[in-house]
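A.B. asks: Sharing a structure here in structure tokens format.
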Amino acid sequence: MSGEKDLEQLKKEAAAKAKAAALAKMKAKELGEEKEEAPSEDLDIAKQKAAAAAKAKAAALAKMKAKEQGEEKEEAPSEDLDIAKQKAAAAAKAKAAALAKMKAKEQGEEKEEAPSEDLDIAKQKAAAAAKAKAAALAKMKAKEQGEEKEEAPTEDLDIAKQKAAAAAKAKAAAAAKAKAAAQANQSSEAGDDAKAKAAAAAKAKAAAAAKAKAAALAKQSGESGGDDEKAKAIAAAKAKAAAAAKAKAAASAKAGGAAGDDEKAKAIAAAKAKAAAAAAAKAKAGGGTVKAEPAEEAKPSPNQPYLDKYIRVIEEHLGNDHIEDYYINNLSKDVPTLVAKPESYYKIAEFLKYNEQLGFDYLSELHGTDFETHMEVYVHLYSYKNSQSVALKVKIDRDGPTIDSLQPLWEGANWPECEAYDLLGIKFNNHPNLHRIMLGEEWVGHPLRKDYEPYDVEV
Amino acid sequence: MLRTEEMLLNVGPQHPSTHGVFRLVLKIDGETIVEAKPVIGYLHRGTEKLAEDLQYTQIIPYTDRMDYVSAMTNNYVICHAVETMMDIKVPERAEYLRVIAMELGRVASHLVWFGTYLLDLGATSPLLYAFREREMIINMLNELSGARLTFNYMRVGGVKWDAPEGWIDKVREFVPYMHEQLKGYHMLVTGNEIFMNRVKGIGTYTKEDALNYSLSGANLRCTGVKWDLRKNEPYSIYDRFDFDVVTRETGDAWARYHVRLDEIEESLKILEQACEQFPAEGEILAKVPKIIKAPKGEAFVRIESPRGEIGCYIASDGKKEPYRLKFRRPSFYNLQILPKLLEGETIANLISILGAVDIILGEVDG
């Protein structure tokens, strides 16, 4: 009877642990970095079940995150995350251990620990406790840093080890993920399965806290924050949590710090050492990126003088109430971009063409775009005389969009304007022959409008 | 005196000398064209609309079908646009493969033009020679990409396939062979009295007209504008090659003929150098995410296709599909000048003038 109970207990814990492992790994991968912690390859049946559960959960989580990602407009880092996430999902589903190894190799990362084939129950318990502590620690730090995102995480771990383990697991996972998120400026939420529902709130908080921490460049002052009853495990847990947090942040900063958040108590010392290294790395890398970004933006584009010149010449001759906005478009080979007011659009274009300092004699491209809030006409002009480009844009009303035609200035605008009329319904005043150039006059609607519904007589 | 009156003559859309489905409604007075009205759109497939529901990589095959005579440059322009937005550094070897593929495509494209143009003018045999050489290029590109015309070869960050064993040597051997054949073309066609009568002084326009009508490529360079995006706004690795921008001054069909034939020479020069510099090994694809998401914003890039300036505009809202995709298709712009050129010309010159513009209807209609 008691033997059976033990087995039950063992199963639960194993499941809990496996989940935590899977989660942590996944998050580590999101960071584009291999955090190692290979789950045991030959767990006994109970363990395997647990692993299966963990995988399912990891997959669910990955999906959720993928969704979140889909809505987020991030730059390069998020794309990295994307891949990483996919990898993570795949990894979680496939043999976690095998994959973990492979990836570790690929990334030239040191595999952290030998798979924990021989974890005994005690160790597992310790691990669970450690994770709980990690979460608690993360939360505490958030508090200490005056972050407002806090809330009582699952302080109310009940005695049942299973619950404790689940919550701890979730938190550890959330913390790990949160760091990734922090780096990519995105807060991600972890999906949770039925068991971990209770921990969801705690997770979110842990995530927020951890993120805040990361953002603050991880002022890792080893606060003590064990709120668990198992006092002995506190120190170890803290160390691990710190190590993991730092390592993750560092990893996301591509510092390449690998950290062990392994549950094995033996690894604590190593983890601590690594934590220190990682923290240092992160401090550097983090500080570097934070500084680097504004610096990059501040760096003037090579085309800035041209833009300044255009604006200056236009303002000298036409006054300063014709240009709505102007900027260098960094994404588009630094092309100077002018946004004209609709009523001044033709005037500006005319000026760009005939002013002898500007002399944009060539219309390279003209098209419209439906931005839902407004309609936009984009014109790319080129000056053969000065070898310079300029993008001229005009934002016009979306309902009944009308704008002056540029055809009188550049014959080359003739057909493109017809195309914009045909596909977007933009009317060009003074165009000599505005007609549906592609679809034919009997076509109903303008297909490139975002609210276009195909018209079918038979429907 | 004979009574004359204007009449309408419909040309196309199914007519061999319109190079596809292009229709011209002519108002003629006897032999003379009073007014020409081009009608296009027969091949409009809504690529830009379709693209709004496709991921960037999925759009690439659609670009093959725009300018189907020179699909490599189309492939390149969309990849280049996304790479520009995402700031991706393309590996060296991939760049060389791209340039070699694009220049082979340019030679093949000009060969098609040469053959069909002469066929339009009533000379049958040049087509056979041109297509013989073109077939060799198509075979090489087939070995490279697995397709003869719709290559779908390039990817954001590089290319899909590495060059097979010995492929570069084949290209290397092709260069002198093609040089030799070009001499043959000139002997066969260039000095031909009938040909010269049909192209010299025909379809003439000035440099100002060319710029005003947004012409590009050989249609622009035939008026003396020394402009080639490969040279003037170098993309990829074109700044590493020594080649000339071919121009002529007269602005007639004769000038366009010479510009195109001489451009084959220049492309061969680039091919020769590219094969010489080709890196022995290396990556062919940069490390890019599996799901490509261009950052929020917009970009417009333009490159030199055989027909002129092909551009790609992307407006992205950060998703994996473009919010708006627009191709600046050179044939579409180049064709605009046709009514002006045809006014007052005889019907016999129509074919010569239209052919010299070098349009691809898949590209005109988008």
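Ligands are numbered from 1 in the order shown, residues from 1 within each chain, and chains are lettered A, B, ... in the order they appear in the structure tokens.
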Would you pick out the contacts of stretch 156-172 of chain B at 6 Å or less, using only C-alpha atoms, so that residues sharing its chain but fewer than 2 positions from it are not included, and give the list as a count of residues only?
C.D. replies: 11
A.B. asks: With only C-alpha atoms considered, list every residue of chain B at most 6 Å from chain A, as a PDB file with N, CA and C atoms, in the first residue's frame.
C.D. replies:
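Produced file result16.pdb, reproduced below:
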ATOM      1  N   GLY B  41      -4.016  43.969 -70.149  1.00  0.00           N
ATOM      2  CA  GLY B  41      -4.727  43.382 -69.017  1.00  0.00           C
ATOM      3  C   GLY B  41      -5.191  41.960 -69.263  1.00  0.00           C
ATOM      4  N   MET B  85      15.068  45.209 -46.257  1.00  0.00           N
ATOM      5  CA  MET B  85      14.285  45.566 -45.071  1.00  0.00           C
ATOM      6  C   MET B  85      14.830  44.901 -43.817  1.00  0.00           C
ATOM      7  N   LEU B 211      12.986  59.975 -70.804  1.00  0.00           N
ATOM      8  CA  LEU B 211      12.886  60.228 -69.366  1.00  0.00           C
ATOM      9  C   LEU B 211      11.449  60.571 -68.982  1.00  0.00           C
ATOM     10  N   ASN B 212      10.824  61.365 -69.806  1.00  0.00           N
ATOM     11  CA  ASN B 212       9.464  61.779 -69.519  1.00  0.00           C
ATOM     12  C   ASN B 212       8.519  60.580 -69.464  1.00  0.00           C
ATOM     13  N   TYR B 213       8.741  59.605 -70.326  1.00  0.00           N
ATOM     14  CA  TYR B 213       7.874  58.431 -70.366  1.00  0.00           C
ATOM     15  C   TYR B 213       8.351  57.317 -69.433  1.00  0.00           C
ATOM     16  N   SER B 214       9.290  57.622 -68.581  1.00  0.00           N
ATOM     17  CA  SER B 214       9.783  56.642 -67.602  1.00  0.00           C
ATOM     18  C   SER B 214      10.328  55.383 -68.259  1.00  0.00           C
ATOM     19  N   PRO B 289      15.430  33.413 -40.487  1.00  0.00           N
ATOM     20  CA  PRO B 289      14.372  32.675 -39.798  1.00  0.00           C
ATOM     21  C   PRO B 289      13.580  31.830 -40.782  1.00  0.00           C
ATOM     22  N   LYS B 290      13.012  30.768 -40.281  1.00  0.00           N
ATOM     23  CA  LYS B 290      12.205  29.916 -41.159  1.00  0.00           C
ATOM     24  C   LYS B 290      11.001  30.691 -41.657  1.00  0.00           C
ATOM     25  N   PRO B 295      10.359  43.732 -41.215  1.00  0.00           N
ATOM     26  CA  PRO B 295       9.979  44.652 -40.144  1.00  0.00           C
ATOM     27  C   PRO B 295       8.918  45.639 -40.617  1.00  0.00           C
ATOM     28  N   ALA B 299       9.564  49.610 -48.094  1.00  0.00           N
ATOM     29  CA  ALA B 299      10.815  49.717 -48.840  1.00  0.00           C
ATOM     30  C   ALA B 299      10.524  49.626 -50.322  1.00  0.00           C
ATOM     31  N   PHE B 300      11.312  50.339 -51.069  1.00  0.00           N
ATOM     32  CA  PHE B 300      11.245  50.224 -52.523  1.00  0.00           C
ATOM     33  C   PHE B 300      12.657  50.041 -53.047  1.00  0.00           C
ATOM     34  N   GLY B 318       4.792  43.869 -40.304  1.00  0.00           N
ATOM     35  CA  GLY B 318       5.526  42.991 -39.407  1.00  0.00           C
ATOM     36  C   GLY B 318       5.057  41.553 -39.428  1.00  0.00           C
TER      37      GLY B 318
END
A.B. asks: Using atom CA of B:Pro322 and atom CA of B:Leu43 as the two end points, give the distance in Å to one decimal.
C.D. replies: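 Pair atom CA of B:Pro322 / atom CA of B:Leu43 returns 22.8 Å.
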A.B. asks: So that I can check the secondary structure, give me every residue of stretch 220-364 of chain B assigned strand (DSSP E or B) by backbone DSSP, as a list in words.
C.D. replies: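 In stretch 220-364 of chain B, DSSP puts these residues in strand (DSSP E or B): Leu285, Gly297, Glu298, Ala299, Phe300, Val301, Arg302, Ile303, Glu304, Ser305, Gly308, Glu309, Ile310, Gly311, Cys312, Tyr313, Ile314, Ala315, Ser316, Arg324, Leu325, Lys326, Phe327, Arg328 and Thr346 of chain B.
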A.B. asks: B:Leu188: which residues within 10 Å, counting only C-alpha atoms, same-chain residues fewer than 4 positions away excluded, as a PyMOL selection string?
C.D. replies: chain B and resi 125-126+182-184+192
A.B. asks: What would the file look like if the residues just selected were written as a PDB file, in the first residue's frame with N, CA and C atoms?
C.D. replies:
ATOM      1  N   SER B 125      15.904  32.643 -90.003  1.00  0.00           N
ATOM      2  CA  SER B 125      17.014  31.855 -89.463  1.00  0.00           C
ATOM      3  C   SER B 125      17.643  32.406 -88.185  1.00  0.00           C
ATOM      4  N   PRO B 126      17.718  33.715 -87.964  1.00  0.00           N
ATOM      5  CA  PRO B 126      18.341  34.167 -86.723  1.00  0.00           C
ATOM      6  C   PRO B 126      17.694  33.568 -85.487  1.00  0.00           C
ATOM      7  N   LEU B 182      28.219  35.494 -81.280  1.00  0.00           N
ATOM      8  CA  LEU B 182      27.783  36.879 -81.473  1.00  0.00           C
ATOM      9  C   LEU B 182      28.374  37.469 -82.751  1.00  0.00           C
ATOM     10  N   LYS B 183      29.621  37.112 -83.007  1.00  0.00           N
ATOM     11  CA  LYS B 183      30.243  37.580 -84.247  1.00  0.00           C
ATOM     12  C   LYS B 183      29.422  37.082 -85.432  1.00  0.00           C
ATOM     13  N   GLY B 184      29.011  35.848 -85.314  1.00  0.00           N
ATOM     14  CA  GLY B 184      28.180  35.264 -86.373  1.00  0.00           C
ATOM     15  C   GLY B 184      26.888  36.047 -86.565  1.00  0.00           C
ATOM     16  N   ASN B 192      22.945  43.568 -92.772  1.00  0.00           N
ATOM     17  CA  ASN B 192      21.951  43.256 -93.798  1.00  0.00           C
ATOM     18  C   ASN B 192      21.180  44.500 -94.226  1.00  0.00           C
TER      19      ASN B 192
END
A.B. asks: I want to know what sits within 7 Å of stretch 47-60 of chain B, based on only C-alpha atoms, with residues of the same chain fewer than 4 positions away left out; could you give that as a ChimeraX atom specification?
C.D. replies: /A:448 /B:64,75,152,155,292,320-326,366
A.B. asks: Filtering to C-alpha atoms, could you give me those residues as a JSON list (two decimals), in the first residue's frame?
C.D. replies:
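Output file out.json is given in full below:
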[["chain", "number", "residue", "atom", "x", "y", "z"],
["A", 448, "LEU", "CA", -6.46, 45.92, -53.76],
["B", 64, "ASP", "CA", 8.84, 33.74, -62.21],
["B", 75, "ASN", "CA", 13.35, 36.29, -58.24],
["B", 152, "ASN", "CA", 12.09, 29.68, -58.27],
["B", 155, "ARG", "CA", 15.50, 32.73, -51.52],
["B", 292, "ILE", "CA", 10.40, 35.51, -42.67],
["B", 320, "LYS", "CA", 4.84, 37.05, -42.41],
["B", 321, "GLU", "CA", 2.81, 38.21, -45.39],
["B", 322, "PRO", "CA", 3.39, 41.57, -47.01],
["B", 323, "TYR", "CA", 0.73, 44.15, -46.33],
["B", 324, "ARG", "CA", 1.16, 45.45, -49.82],
["B", 325, "LEU", "CA", 3.44, 44.24, -52.54],
["B", 326, "LYS", "CA", 3.99, 46.14, -55.73],
["B", 366, "GLY", "CA", 1.34, 41.86, -63.71]]
A.B. asks: Pick the closest to B:Gly201 from B:Val77, B:Ala218, B:Met136, B:Ala255: which is it, counting only C-alpha atoms?
C.D. replies: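 Checking each of B:Val77, B:Ala218, B:Met136, B:Ala255 against B:Gly201, counting only C-alpha atoms, the winner is B:Ala255.
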